[in-house]
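Chemist: target_0.cif is reproduced in full below (mmCIF, C-alpha atoms).
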data_run
loop_
_atom_site.label_atom_id
_atom_site.label_comp_id
_atom_site.auth_asym_id
_atom_site.auth_seq_id
_atom_site.Cartn_x
_atom_site.Cartn_y
_atom_site.Cartn_z
CA MET V 1 -11.79 -8.95 -29.99
CA THR V 2 -8.24 -7.87 -30.78
CA ALA V 3 -6.11 -5.47 -28.74
CA SER V 4 -6.43 -2.81 -31.43
CA SER V 5 -10.25 -2.93 -31.22
CA ILE V 6 -10.33 -1.88 -27.56
CA LYS V 7 -11.24 1.79 -27.40
CA HIS V 8 -8.66 4.08 -25.79
CA ASP V 9 -7.52 7.69 -26.02
CA PHE V 10 -3.86 7.18 -25.09
CA VAL V 11 -1.06 6.28 -27.52
CA ILE V 12 0.11 2.66 -27.70
CA HIS V 13 3.55 2.47 -29.30
CA ASN V 14 3.59 -1.30 -29.90
CA GLU V 15 0.04 -1.94 -31.06
CA ASP V 16 1.14 -4.42 -33.75
CA ALA V 17 3.92 -6.16 -31.80
CA ARG V 18 2.13 -7.69 -28.84
CA GLU V 19 1.31 -11.24 -29.85
CA PRO V 20 1.00 -13.44 -26.75
CA ILE V 21 3.28 -16.42 -26.25
CA TYR V 22 1.45 -19.72 -25.79
CA LEU V 23 3.14 -22.57 -23.93
CA GLU V 24 1.24 -25.80 -24.39
CA PRO V 25 1.03 -28.35 -21.54
CA ARG V 26 4.20 -30.43 -21.30
CA SER V 27 2.14 -33.61 -20.86
CA GLY V 28 -0.08 -32.94 -23.86
CA VAL V 29 -3.13 -32.90 -21.56
CA HIS V 30 -4.79 -29.49 -21.04
CA ARG V 31 -6.45 -29.27 -17.61
CA ASN V 32 -5.91 -25.60 -16.73
CA THR V 33 -4.78 -22.31 -18.24
CA LEU V 34 -2.55 -19.78 -16.49
CA ILE V 35 -2.51 -16.22 -17.84
CA TRP V 36 0.70 -14.49 -16.78
CA LEU V 37 1.54 -10.77 -16.64
CA HIS V 38 5.12 -9.45 -16.63
CA GLY V 39 6.63 -6.60 -14.66
CA PHE V 40 7.10 -2.94 -15.60
CA ALA V 41 9.19 -2.38 -18.77
CA GLN V 42 9.38 -6.13 -19.44
CA ASN V 43 7.53 -8.31 -21.94
CA GLY V 44 6.03 -11.76 -22.18
CA GLU V 45 9.26 -13.32 -23.43
CA SER V 46 11.13 -12.15 -20.32
CA GLN V 47 8.96 -14.49 -18.21
CA LEU V 48 9.79 -17.71 -20.06
CA LYS V 49 12.39 -18.66 -17.42
CA TYR V 50 9.65 -19.22 -14.85
CA PHE V 51 8.06 -21.93 -16.99
CA ASP V 52 11.16 -23.78 -18.24
CA GLU V 53 10.84 -27.42 -17.19
CA ASN V 54 14.59 -27.47 -16.47
CA GLN V 55 14.51 -24.39 -14.20
CA HIS V 56 11.94 -25.22 -11.52
CA PRO V 57 8.71 -24.16 -13.32
CA VAL V 58 5.98 -22.61 -11.18
CA ILE V 59 3.24 -24.71 -12.79
CA ASP V 60 2.49 -28.38 -13.47
CA GLU V 61 2.68 -30.33 -16.72
CA PHE V 62 -1.07 -30.05 -17.40
CA THR V 63 -1.26 -26.26 -17.77
CA ARG V 64 -1.34 -24.11 -20.86
CA VAL V 65 0.40 -20.78 -20.22
CA VAL V 66 -0.47 -17.51 -21.95
CA LEU V 67 2.29 -14.92 -21.60
CA LEU V 68 0.87 -11.49 -22.39
CA THR V 69 2.79 -8.31 -23.21
CA ALA V 70 1.60 -4.96 -21.89
CA PRO V 71 1.02 -1.98 -24.17
CA LYS V 72 3.96 0.36 -24.57
CA ILE V 73 2.50 3.58 -23.18
CA ASP V 74 3.84 6.90 -21.91
CA CYS V 75 4.90 6.58 -18.27
CA LEU V 76 6.84 8.59 -15.74
CA TYR V 77 10.16 6.76 -15.46
CA LYS V 78 12.95 8.14 -13.30
CA GLY V 79 11.39 11.56 -13.41
CA ARG V 80 10.98 11.61 -17.18
CA GLN V 81 8.10 10.76 -19.47
CA LYS V 82 9.02 7.76 -21.61
CA PRO V 83 7.11 5.00 -23.40
CA ARG V 84 7.46 1.71 -21.52
CA ASN V 85 5.64 -1.62 -21.54
CA SER V 86 3.26 -1.12 -18.64
CA TRP V 87 -0.13 -2.41 -17.51
CA VAL V 88 -1.02 0.99 -16.06
CA SER V 89 0.37 4.54 -16.18
CA SER V 90 0.27 7.20 -13.48
CA LEU V 91 -0.29 9.75 -16.26
CA ASN V 92 -3.81 8.37 -16.85
CA PRO V 93 -4.34 5.54 -14.35
CA ALA V 94 -8.08 5.07 -14.69
CA GLU V 95 -8.10 4.67 -18.46
CA THR V 96 -4.96 2.53 -18.71
CA TYR V 97 -6.19 0.27 -15.89
CA GLY V 98 -9.57 -0.09 -17.59
CA TYR V 99 -7.83 -0.97 -20.84
CA THR V 100 -5.77 -3.69 -19.12
CA VAL V 101 -8.85 -5.18 -17.47
CA GLU V 102 -10.61 -5.46 -20.82
CA TYR V 103 -7.47 -6.72 -22.59
CA VAL V 104 -6.78 -9.50 -20.06
CA ASN V 105 -10.46 -10.43 -19.75
CA ASN V 106 -10.55 -11.02 -23.51
CA TYR V 107 -7.94 -13.76 -23.09
CA ILE V 108 -9.76 -15.21 -20.09
CA GLU V 109 -12.91 -15.45 -22.21
CA GLU V 110 -10.99 -17.14 -25.03
CA GLU V 111 -9.36 -19.68 -22.72
CA VAL V 112 -12.50 -20.56 -20.77
CA LYS V 113 -14.05 -21.85 -24.00
CA PHE V 114 -11.75 -24.88 -23.68
CA PHE V 115 -13.50 -25.70 -20.39
CA GLN V 116 -17.18 -25.10 -21.25
CA ASP V 117 -17.18 -21.77 -19.37
CA ASP V 118 -15.74 -23.25 -16.16
CA TYR V 119 -13.75 -20.25 -14.90
CA SER V 120 -12.25 -22.30 -12.07
CA LYS V 121 -9.97 -23.83 -14.70
CA ILE V 122 -8.42 -20.41 -15.40
CA LEU V 123 -5.74 -18.97 -13.13
CA ILE V 124 -3.93 -15.65 -13.35
CA GLY V 125 -0.58 -14.56 -12.03
CA GLY V 126 2.25 -12.17 -12.50
CA PHE V 127 5.54 -10.73 -11.43
CA SER V 128 6.03 -7.26 -9.91
CA GLN V 129 3.59 -4.88 -11.64
CA GLY V 130 2.05 -7.94 -13.26
CA GLY V 131 1.44 -9.35 -9.79
CA VAL V 132 -0.27 -6.15 -8.71
CA MET V 133 -2.57 -6.31 -11.71
CA SER V 134 -3.26 -10.03 -11.29
CA ALA V 135 -4.45 -9.56 -7.71
CA ALA V 136 -6.61 -6.60 -8.71
CA LEU V 137 -8.15 -8.50 -11.64
CA ALA V 138 -8.93 -11.61 -9.58
CA LEU V 139 -10.19 -9.95 -6.39
CA GLY V 140 -11.84 -6.94 -8.02
CA ASN V 141 -14.04 -8.95 -10.35
CA THR V 142 -17.57 -10.05 -9.50
CA ASP V 143 -18.53 -11.48 -12.91
CA PHE V 144 -16.73 -14.79 -12.43
CA ARG V 145 -14.49 -16.60 -9.95
CA LEU V 146 -11.08 -17.66 -11.22
CA GLY V 147 -9.37 -20.83 -10.04
CA GLY V 148 -6.49 -19.01 -8.36
CA VAL V 149 -4.05 -16.12 -8.45
CA ILE V 150 -0.25 -16.01 -8.05
CA VAL V 151 1.26 -12.71 -6.90
CA CYS V 152 5.07 -12.46 -7.00
CA SER V 153 7.31 -9.63 -5.78
CA ALA V 154 4.45 -7.15 -5.75
CA PHE V 155 2.03 -5.35 -3.42
CA TYR V 156 -1.70 -4.62 -3.23
CA HIS V 157 -2.56 -1.23 -4.68
CA SER V 158 -4.79 1.05 -2.62
CA ASN V 159 -6.86 2.02 -5.67
CA CYS V 160 -7.89 -1.57 -6.37
CA PRO V 161 -11.12 -2.65 -4.65
CA VAL V 162 -11.37 -6.00 -2.87
CA LEU V 163 -14.75 -7.33 -3.97
CA ARG V 164 -14.33 -11.03 -3.23
CA ASN V 165 -12.40 -13.28 -0.86
CA ASP V 166 -13.02 -16.72 -2.36
CA VAL V 167 -10.20 -16.98 -4.92
CA PRO V 168 -7.22 -19.16 -3.86
CA LEU V 169 -4.27 -16.79 -3.55
CA VAL V 170 -0.55 -17.30 -3.04
CA ILE V 171 1.86 -14.42 -2.49
CA TYR V 172 5.61 -14.78 -2.95
CA HIS V 173 8.15 -12.24 -1.78
CA ALA V 174 11.90 -12.32 -1.21
CA GLU V 175 13.15 -10.74 1.99
CA ASP V 176 15.96 -8.93 0.14
CA ASP V 177 13.81 -7.49 -2.65
CA GLU V 178 15.45 -4.16 -3.46
CA VAL V 179 12.70 -2.93 -5.81
CA VAL V 180 9.60 -3.71 -3.75
CA PRO V 181 10.80 -3.96 -0.13
CA ALA V 182 9.14 -6.86 1.67
CA PHE V 183 8.09 -4.81 4.71
CA GLU V 184 6.29 -2.28 2.49
CA ALA V 185 4.56 -5.01 0.50
CA CYS V 186 3.45 -6.79 3.67
CA LYS V 187 1.88 -3.60 4.99
CA THR V 188 -0.36 -3.41 1.91
CA TYR V 189 -1.39 -7.04 2.37
CA ARG V 190 -2.31 -6.36 5.98
CA ASP V 191 -4.20 -3.19 5.08
CA PHE V 192 -6.18 -4.53 2.15
CA LEU V 193 -6.25 -8.34 2.29
CA VAL V 194 -6.19 -9.20 5.98
CA LYS V 195 -8.66 -6.45 6.84
CA ASN V 196 -11.00 -7.68 4.11
CA LYS V 197 -10.66 -11.28 5.37
CA VAL V 198 -9.03 -12.50 2.17
CA PRO V 199 -7.23 -15.80 2.91
CA PHE V 200 -3.87 -16.36 1.26
CA GLU V 201 -0.64 -18.32 1.51
CA PHE V 202 2.49 -16.24 1.98
CA ILE V 203 5.82 -17.61 0.75
CA SER V 204 8.88 -15.79 2.03
CA VAL V 205 12.42 -16.66 0.95
CA GLU V 206 15.83 -15.39 2.03
CA MET V 207 18.89 -14.51 -0.03
CA ALA V 208 16.93 -13.41 -3.10
CA GLY V 209 16.17 -10.04 -4.63
CA HIS V 210 13.51 -8.88 -7.07
CA GLU V 211 13.03 -12.26 -8.70
CA ILE V 212 11.39 -15.62 -8.15
CA SER V 213 14.06 -17.90 -6.73
CA PHE V 214 14.27 -21.61 -7.50
CA GLY V 215 13.12 -22.39 -3.97
CA GLY V 216 10.22 -19.98 -4.35
CA ARG V 217 9.23 -21.56 -7.66
CA ASP V 218 9.16 -24.99 -6.06
CA LEU V 219 6.86 -23.76 -3.27
CA ILE V 220 4.57 -22.01 -5.75
CA ASN V 221 4.50 -25.22 -7.79
CA GLN V 222 3.37 -27.20 -4.73
CA TRP V 223 0.63 -24.67 -4.02
CA TYR V 224 -0.39 -24.69 -7.68
CA ARG V 225 -0.69 -28.48 -7.85
CA GLU V 226 -2.85 -28.60 -4.74
CA VAL V 227 -5.14 -25.77 -5.83
CA THR V 228 -5.68 -27.16 -9.33
CA THR V 229 -6.36 -30.60 -7.89
CA THR V 230 -8.55 -29.78 -4.88
CA GLY V 231 -9.62 -26.16 -5.39
CA SER V 232 -7.98 -25.03 -2.15
CA SER V 233 -4.62 -25.09 -0.37
CA THR V 234 -3.39 -25.97 3.10
CA GLY V 235 -0.14 -24.00 3.00
CA TYR V 236 3.48 -24.99 2.80
CA LYS V 237 5.67 -22.20 4.06
CA VAL V 238 3.40 -19.61 5.58
CA ALA V 239 5.06 -16.52 7.01
CA LYS V 240 3.53 -14.13 9.51
CA LEU V 241 3.00 -10.65 8.10
#
What do you get writing this file as structure tokens?
Modeler:
Amino acid sequence: MTASSIKHDFVIHNEDAREPIYLEPRSGVHRNTLIWLHGFAQNGESQLKYFDENQHPVIDEFTRVVLLTAPKIDCLYKGRQKPRNSWVSSLNPAETYGYTVEYVNNYIEEEVKFFQDDYSKILIGGFSQGGVMSAALALGNTDFRLGGVIVCSAFYHSNCPVLRNDVPLVIYHAEDDEVVPAFEACKTYRDFLVKNKVPFEFISVEMAGHEISFGGRDLINQWYREVTTTGSSTGYKVAKL
């Protein structure tokens, strides 16, 4: 199923310009797939820096990465309605969220074919709004269990149900994040993850803003290698919320 075949009543301004970017495993051996979602008003190409082997990539050399681009839809931006690349819009949240779920799940279904329907080989992650959506997609899904989820510089949205607590989860946040303040993000994790007994590793770094620092990437990489090898993690730099 293509993006254009998903039914929707809202306008998508970039329907024909949303081809995903595929990054093949650096080793030539394909053991896992990571589907990655960008932040608000960004695109898949903007996330390439997090997977550059010369810039502390967040994943190992055995992972195929699928960088998706959100639909360009009408959003409220700085008090004005403008089309922006976004996984969800406050103008019609239910429909745009449902569209994103179906859109991302299509790629999950395509990738899992490489692994004979073993969903534990598929991980999802994202930055900022993409992190919000990744957590919601992984923890709000009861059809299959993904191998893990990476949430960076984000928060847990109150409208997203927590329906499972068995997906390995790592959360990264910089203490000086000026877009999503760390104390506000941590409150949502306490309210929705801790209360629902969802285990997760929390990586906190200093002297970084709304970005994934090199140090943060290295810690995520360590978590990623352990999860894709053993199916669980023991924690590296765990901060108290």
Chemist: For V:Asp191, please output as a VMD selection string all residues within 12 Å (counting all atoms listed in the file; exclusion window: fewer than 6 positions along the same chain).
Modeler: chain V and resid 155 to 158 161 to 162 184 to 185 197 to 198 241
Chemist: Taking only residues of stretch 88-200 of chain V that have an atom at most 9 Å from an atom of stretch 35-49 of chain V, what is each one's shortest atom pair and its distance in Å to one decimal, using all atoms listed in the file, in chain and number order, as JSON lines?
Modeler:
{"residue": "V:Val104", "atom": "CA", "partner": "V:Ile35", "partner_atom": "CA", "distance": 8.3}
{"residue": "V:Tyr107", "atom": "CA", "partner": "V:Ile35", "partner_atom": "CA", "distance": 7.9}
{"residue": "V:Ile108", "atom": "CA", "partner": "V:Ile35", "partner_atom": "CA", "distance": 7.7}
{"residue": "V:Ile122", "atom": "CA", "partner": "V:Ile35", "partner_atom": "CA", "distance": 7.6}
{"residue": "V:Leu123", "atom": "CA", "partner": "V:Ile35", "partner_atom": "CA", "distance": 6.3}
{"residue": "V:Ile124", "atom": "CA", "partner": "V:Ile35", "partner_atom": "CA", "distance": 4.7}
{"residue": "V:Gly125", "atom": "CA", "partner": "V:Trp36", "partner_atom": "CA", "distance": 4.9}
{"residue": "V:Gly126", "atom": "CA", "partner": "V:Leu37", "partner_atom": "CA", "distance": 4.4}
{"residue": "V:Phe127", "atom": "CA", "partner": "V:Gly39", "partner_atom": "CA", "distance": 5.4}
{"residue": "V:Ser128", "atom": "CA", "partner": "V:Gly39", "partner_atom": "CA", "distance": 4.8}
{"residue": "V:Gln129", "atom": "CA", "partner": "V:Gly39", "partner_atom": "CA", "distance": 4.6}
{"residue": "V:Gly130", "atom": "CA", "partner": "V:Leu37", "partner_atom": "CA", "distance": 4.4}
{"residue": "V:Gly131", "atom": "CA", "partner": "V:Leu37", "partner_atom": "CA", "distance": 7.0}
{"residue": "V:Met133", "atom": "CA", "partner": "V:Leu37", "partner_atom": "CA", "distance": 7.8}
{"residue": "V:Ser134", "atom": "CA", "partner": "V:Leu37", "partner_atom": "CA", "distance": 7.2}
{"residue": "V:Ile150", "atom": "CA", "partner": "V:Trp36", "partner_atom": "CA", "distance": 8.9}
Chemist: Can you list what the PyMOL selection byres ((chain V and resi 121) around 7) grabs from this structure, as a list in words?
Modeler: Asn32, Thr33, Phe115, Asp118, Tyr119, Ser120, Ile122, Leu123 and Gly147 of chain V
Chemist: Decode the PyMOL selection byres ((chain V and resi 99) around 9) for the given file into explicit residues and return them as a ChimeraX atom specification.
Modeler: /V:6-8,87-88,94-98,100-104
Chemist: Could you list, as a list of chain:residue names, every residue within 12 Å of V:Leu163, counting only C-alpha atoms and ignoring same-chain residues fewer than 6 positions away?
Modeler: V:Ala135, V:Ala136, V:Leu137, V:Ala138, V:Leu139, V:Gly140, V:Asn141, V:Thr142, V:Asp143, V:Phe144, V:Arg145, V:Phe192, V:Leu193, V:Asn196, V:Lys197, V:Val198
Chemist: Mind listing as a PyMOL selection string all residues within 10 Å of (2.2, 6.9, -22.0), counting only C-alpha atoms?
Modeler: chain V and resi 10-13+71-76+81-86+88-92+96
Chemist: Starting from the PyMOL selection byres ((chain V and resi 153) around 6), expand the selection into actual residues of this file and give them as number ranges by chain.
Modeler: V: 128, 152, 154, 173
Chemist: Which distance in Å separates atom CA of V:Arg225 and atom CA of V:Gln55, to one decimal?
Modeler: 17.0 Å
Chemist: Counting only C-alpha atoms, which residue out of V:Ala208, V:Val132, V:Arg217, V:Pro168 sits closest to V:Thr188?
Modeler: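 Going through V:Ala208, V:Val132, V:Arg217, V:Pro168 one by one, the smallest distance to V:Thr188 is for V:Val132.
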Chemist: Atoms are missing here; could stretch 73-97 of chain V be completed with N, CA, C and O atoms and written as a tab-separated table (two decimals), in the frame of the given file?
Modeler:
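Once written, result_31.tsv looks like this:
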chain	number	residue	atom	x	y	z
V	73	ILE	N	3.21	2.32	-23.35
V	73	ILE	CA	2.50	3.58	-23.18
V	73	ILE	C	3.40	4.58	-22.47
V	73	ILE	O	4.41	4.22	-21.86
V	74	ASP	N	3.05	5.85	-22.56
V	74	ASP	CA	3.84	6.90	-21.91
V	74	ASP	C	3.71	6.78	-20.40
V	74	ASP	O	2.60	6.76	-19.86
V	75	CYS	N	4.85	6.71	-19.73
V	75	CYS	CA	4.90	6.58	-18.27
V	75	CYS	C	5.94	7.54	-17.71
V	75	CYS	O	6.86	7.97	-18.42
V	76	LEU	N	5.79	7.86	-16.44
V	76	LEU	CA	6.84	8.59	-15.74
V	76	LEU	C	7.87	7.59	-15.27
V	76	LEU	O	7.57	6.68	-14.47
V	77	TYR	N	9.09	7.71	-15.77
V	77	TYR	CA	10.16	6.76	-15.46
V	77	TYR	C	11.41	7.54	-15.09
V	77	TYR	O	11.97	8.26	-15.90
V	78	LYS	N	11.80	7.41	-13.83
V	78	LYS	CA	12.95	8.14	-13.30
V	78	LYS	C	12.83	9.63	-13.54
V	78	LYS	O	13.78	10.32	-13.95
V	79	GLY	N	11.62	10.14	-13.30
V	79	GLY	CA	11.39	11.56	-13.41
V	79	GLY	C	11.15	12.08	-14.82
V	79	GLY	O	10.93	13.27	-15.01
V	80	ARG	N	11.18	11.20	-15.79
V	80	ARG	CA	10.98	11.61	-17.18
V	80	ARG	C	9.85	10.81	-17.81
V	80	ARG	O	9.59	9.67	-17.43
V	81	GLN	N	9.18	11.45	-18.77
V	81	GLN	CA	8.10	10.76	-19.47
V	81	GLN	C	8.68	9.96	-20.62
V	81	GLN	O	9.31	10.51	-21.53
V	82	LYS	N	8.49	8.64	-20.57
V	82	LYS	CA	9.02	7.76	-21.61
V	82	LYS	C	8.00	6.65	-21.89
V	82	LYS	O	7.27	6.24	-20.99
V	83	PRO	N	7.97	6.16	-23.12
V	83	PRO	CA	7.11	5.00	-23.40
V	83	PRO	C	7.75	3.72	-22.86
V	83	PRO	O	8.93	3.45	-23.11
V	84	ARG	N	6.99	2.96	-22.09
V	84	ARG	CA	7.46	1.71	-21.52
V	84	ARG	C	6.32	0.69	-21.56
V	84	ARG	O	5.15	1.06	-21.47
V	85	ASN	N	6.66	-0.58	-21.67
V	85	ASN	CA	5.64	-1.62	-21.54
V	85	ASN	C	5.11	-1.57	-20.12
V	85	ASN	O	5.85	-1.81	-19.16
V	86	SER	N	3.83	-1.29	-19.97
V	86	SER	CA	3.26	-1.12	-18.64
V	86	SER	C	1.77	-1.42	-18.66
V	86	SER	O	1.06	-1.04	-19.60
V	87	TRP	N	1.29	-2.07	-17.60
V	87	TRP	CA	-0.13	-2.41	-17.51
V	87	TRP	C	-0.96	-1.21	-17.06
V	87	TRP	O	-2.18	-1.19	-17.24
V	88	VAL	N	-0.32	-0.20	-16.50
V	88	VAL	CA	-1.02	0.99	-16.06
V	88	VAL	C	-0.03	2.14	-16.03
V	88	VAL	O	1.18	1.92	-15.88
V	89	SER	N	-0.50	3.37	-16.21
V	89	SER	CA	0.37	4.54	-16.18
V	89	SER	C	-0.18	5.56	-15.21
V	89	SER	O	-1.39	5.82	-15.18
V	90	SER	N	0.70	6.16	-14.42
V	90	SER	CA	0.27	7.20	-13.48
V	90	SER	C	-0.18	8.46	-14.20
V	90	SER	O	-0.82	9.33	-13.60
V	91	LEU	N	0.13	8.58	-15.49
V	91	LEU	CA	-0.29	9.75	-16.26
V	91	LEU	C	-1.80	9.72	-16.53
V	91	LEU	O	-2.43	10.76	-16.64
V	92	ASN	N	-2.35	8.54	-16.68
V	92	ASN	CA	-3.81	8.37	-16.85
V	92	ASN	C	-4.21	7.01	-16.30
V	92	ASN	O	-4.56	6.09	-17.05
V	93	PRO	N	-4.14	6.87	-14.98
V	93	PRO	CA	-4.34	5.54	-14.35
V	93	PRO	C	-5.69	4.90	-14.61
V	93	PRO	O	-5.75	3.69	-14.84
V	94	ALA	N	-6.75	5.66	-14.55
V	94	ALA	CA	-8.08	5.07	-14.69
V	94	ALA	C	-8.27	4.45	-16.07
V	94	ALA	O	-8.75	3.31	-16.20
V	95	GLU	N	-7.89	5.18	-17.11
V	95	GLU	CA	-8.10	4.67	-18.46
V	95	GLU	C	-7.17	3.51	-18.78
V	95	GLU	O	-7.59	2.51	-19.38
V	96	THR	N	-5.89	3.61	-18.40
V	96	THR	CA	-4.96	2.53	-18.71
V	96	THR	C	-5.31	1.27	-17.92
V	96	THR	O	-5.19	0.15	-18.42
V	97	TYR	N	-5.76	1.43	-16.67
V	97	TYR	CA	-6.19	0.27	-15.89
V	97	TYR	C	-7.42	-0.38	-16.54
V	97	TYR	O	-7.49	-1.60	-16.67
